[in-house]
Amino acid sequence: MITIVAFLFFYLSIYFLGRGIFNIFNCKLKNIYDIPINILYPIFGFFYLGNLTLLINFFFPINSFVSYFLLALPLILNLRDVQQMKLSISIKNLSAFLFTPLILGISSANINLAYDAGLYHLNHQKWLQTEKIVFGLSNNHNRFGYSSIIEYINVNFWLENNYILLHFVNLTFIVVFFQIIYFLLFTKYFKFSVSILIFGLLDNFGFNGGKNGFIEVESIAKQDTPFAIIFIISSFLIYRLFTDSEKRIKEVLNVIFIFCLFSIELRLLGFINIFYLLFVLFNKYKISETLKVIFKDNLVTIFLGIAFILKNLITSSCIFYPVKIMCFDFLPWLTSNYSSAGAENDALANFHIALTRNNYMNWFSEWSAKEVNFIVFKNAMMTFAIIILFNVCYKLIKKECFDKRSITLFIYYIISLFIWIITSPGIRFGVGIFLTFVLFVSSLYKSKTSKFLNKNILVSSMIYFIVLSLVPQTNNYFALIDNLYDTRIRSIEVPDVTYKKNTGGYGVLPERGDQCWVNLECVRNKSVSKEKYFSYVIFK
């Protein structure tokens, strides 16, 4: 139980971290397209923390002092306007800001480290803690080339050998997602919100017990769910920008650009958000006004994007790893990365059975032969059919279904789906795209605010909490009961591993398997060599 309470305090800390950052810019924005802006404070907090950590790592290792400083400075800024920290006591606020994180915190009772945590995530973060930015880091391990912003966030939350706070990071993203869905229940976009809740409810029923591609609480260190959540929030905000008849609001666009960059930093697929946004801007405003929005009003965001690309080039020789056409082989310490990017891209496509020129005739049969893919496909088709039926039956104000905005959203969804299919069509990589389809379906008919949901807040909240309580798996509830009176925060530690000398080059290898866990001497590429110039580590 104490672990759940600890998560509530963690969530509130990140909330006030984001609030402090938001107040620096003296932004008067109270909501953004029916979403109360304070719901998004934790996202601003993580965005600040990840990007500033990245910038600092160009010159310094990320030790505990740096982490505490990054966390403390914006928190102190909240003291400037402590009298304005008033949150009215209501069913809505209690449901969103208290009960939602407490219920989702139950997932902490039985969560464990992901396989990829031992494969590369934790060791990557250990490099950030130990060294300034490492040149050619992906020569050590191909997966280091991905270098998501989530590593730069998580590195600030190590508790010696306890990694429970890394789970709290992912959980905070899920809290924000459900808070948004809850508040949208009481707006004219309630059909999108209800459709998402239907999606989440049916995730627990169907073939082989369910699983239809809805967001889930992942094992520690994975970033698939945070990416899916940032992707769908970005998509929703851009769509609302397109449908908004008001004059351009600078602050709104600043927020949307932050979400788009954050999406890219979490996973390369997020780049589709930028193209969608640019299309909307060029259709909505004059070219000169659009260019001003991009290059004048968002200079800080652009600078952070350039810093992220520079970091990619230093660690992997690629603008975006592992896209081979975006990789370069002219830097002497990065030449081997050029070929490894292509190999990693092929390995990813083969493992997830991507659509290629060689298998397009029988691709679906090969993809669906993987049991989890076929189960999710069948359940998803059933779920989407029910969501479509709900939206068709509940139309309130009929209009032309496929207007320009809806067609654009549909094309955006199809392009996203196609890119997913030809790159890495793993279910966990496509969750944000599945949610975008729900957004498209719910956009086909306009609706007034639901009188029933507004008048029956208690009933609406109960429906919401039924779905929310199903997100933590059943075994978490049993584990919670078993440890109900435990007064210690749950400790999640890495296993003891035996290593052997790497006879092919620098470092050591695990005696069994390929998980290095937390050992900087452990390498994946057997022929790698390590050098040091001007206090910077270089792998060749």
# chains A, B, ... in the order shown; residues from 1 in each chain; ligands from 1
>>> residues_around(residues="A:Ala341", least_positions_apart="5", cutoff="7 Å", atoms="only C-alpha atoms", output="list in words")
Tyr321, Pro322, Val323 and Lys324 of chain A
>>> residues_around(residues="stretch 263-269 of chain A", least_positions_apart="4", cutoff="6 Å", atoms="only C-alpha atoms", output="PyMOL selection string")
chain A and resi 148-149+227+230-231
>>> residues_around(residues="stretch 364-366 of chain A", least_positions_apart="5", cutoff="9 Å", atoms="only C-alpha atoms", output="VMD selection string")
chain A and resid 353 355 359
>>> closest_residue(among="A:Thr130, A:Asn519, A:Thr290, A:Asn350", to="A:Ile422", atoms="only C-alpha atoms")
A:Asn350
>>> residues_around(residues="stretch 45-60 of chain A", least_positions_apart="2", cutoff="8 Å", atoms="only C-alpha atoms", output="ChimeraX atom specification")
/A:14-19,21,41-43,62,70-71,128,131-133,149-153,262,304,307-308
>>> closest_residue(among="A:Ile387, A:Ile481, A:Asn283, A:Ile414", to="A:Ser193", atoms="only C-alpha atoms")
A:Ile387
